[in-house]
2 protein chains.
Amino acid sequence: MTGRLAVALVHHPVLDRHGGVQTTAITNLDVHDIARSSRTYGCAAFYIVTPVEAQRAQANAMLGYWEGDRGERRNKDRTEAFRRVHVVATYQDAVDEETRVFGTRPLVVVTSARPQGTVPYTDVRARLDAGAHALVLFGTGHGLTNDVHAAADLVLAPLVGPKDDDGSTWNHLSVRSAAAIILDRLRGS
Amino acid sequence: MTGRLAVALVHHPVLDRHGGVQTTAITNLDVHDIARSSRTYGCAAFYIVTPVEAQRAQANAMLGYWEGDRGERRNKDRTEAFRRVHVVATYQDAVDEETRVFGTRPLVVVTSARPQGTVPYTDVRARLDAGAHALVLFGTGHGLTNDVHAAADLVLAPLVGPKDDDGSTWNHLSVRSAAAIILDRLRGS
């Protein structure tokens, strides 16, 4: 029996392009794409994290539409994808909610395009296959802050492709794309 | 020496929700996300395919902005990602352009969420690693038509995650997410 996997899309605290800490706005398409990827790869929950109350209200209104009769008539696959989406104020709230619902504290896994991560995807996949409970945090903006990295249990290695002729790599994926790839690596068949 | 990999995002001919043939509109974020994924995974070219001249003009205007000085000052990673994007009228134009530029006709590979595909990703990856030249077509809307499938050299198996309790799978990824995952499977390290 494979373990419980949940994901969170974090809008604060994340880095801006100058290395400062910012709060990003919720992007509608992030929610749609990551909800669909989460459903495809059997995630038990997808948390949208923002401290801004008006943004949480807006996200809940969108979820309410898709979970309601009108949304279901328009596209029932979308309704199905949104059923496991929850809106919370902090990533710690997501950790607490996972702990409350499932009865164990999840392994908190973070991802980054920066080179500090070293944990291979196969390692987290093996832990999940052995029954581990994990919550994977995805950062918007220019990525999760160092504080979030320091508080996590595991930091995944960056996603990279083939090297350029000069030996460098270029990894500027959108968070939507990165989340899709990571879920495929952790759960794809 | 790994082979040349190119991708194309096809807006016609694709299916609508009732199984008819439609032409979809270019979605700005598809272009951004797939350009970034293509650059990350070392694709030599990314073709945007639409028969609608006004849509091609609009796409070229966006590319012109990002490839110009103002776009480069705003986000040079975006400029870099857009450098290999080309706008063409038909997917056959993309095949012809690849043949002209590289001197060999590419293997035309199609992807689908429908179950008719059977070719494993590892097979196409091995061919690329052995030097094959391939063009992967991604369909918008409800996917590429059967005619496009029939004309292709290879049809990749659908992307699926773990089975639900009733044994079924749910795969309704966005084309942005599917393209990212497929490029990672073909070229990720």
# chains A, B, ... in the order shown; residues from 1 in each chain; ligands from 1
$ residues_around --residues "stretch 33-48 of chain B" --least-positions-apart "5" --cutoff "8 Å" --atoms "only C-alpha atoms" --output "PyMOL selection string"
(chain A and resi 160-164+169-174+177) or (chain B and resi 4-11+78+80-82+84-88+94+176+179-180+183-184+187-188)
$ select_by_dssp --residues "stretch 25-132 of chain B" --states "helix (DSSP H, G or I)" --output "VMD selection string"
chain B and resid 28 to 40 53 to 67 69 to 74 76 to 82 91 to 102 121 to 129
$ closest_residue --among "A:Val31, A:Val101, A:Leu135, A:Leu156" --to "A:Tyr121" --atoms "only C-alpha atoms"
A:Leu156
$ select_by_dssp --residues "stretch 26-164 of chain B" --states "strand (DSSP E)" --output "list in words"
Ala45, Phe46, Tyr47, Ile48, Val49, Val85, His86, Val87, Val88, Leu107, Val108, Val109, Val110, Ala134, Leu135, Val136, Leu137, Phe138, Gly139, Leu154 and Val155 of chain B
$ atom_distance --atom1 "atom CA of A:Gly141" --atom2 "atom CA of B:Arg83"
22.9 Å
$ atom_distance --atom1 "atom CA of B:Asp153" --atom2 "atom CA of B:Thr27"
27.3 Å
$ atom_distance --atom1 "atom CA of B:Ile26" --atom2 "atom CA of B:Thr79"
19.1 Å
$ closest_residue --among "B:Leu159, B:Val124, B:Ala54, B:Ala150" --to "B:Leu186" --atoms "only C-alpha atoms"
B:Val124
$ closest_residue --among "B:Gly143, B:Val110, B:Ser168, B:Val14" --to "B:Val155" --atoms "only C-alpha atoms"
B:Val110
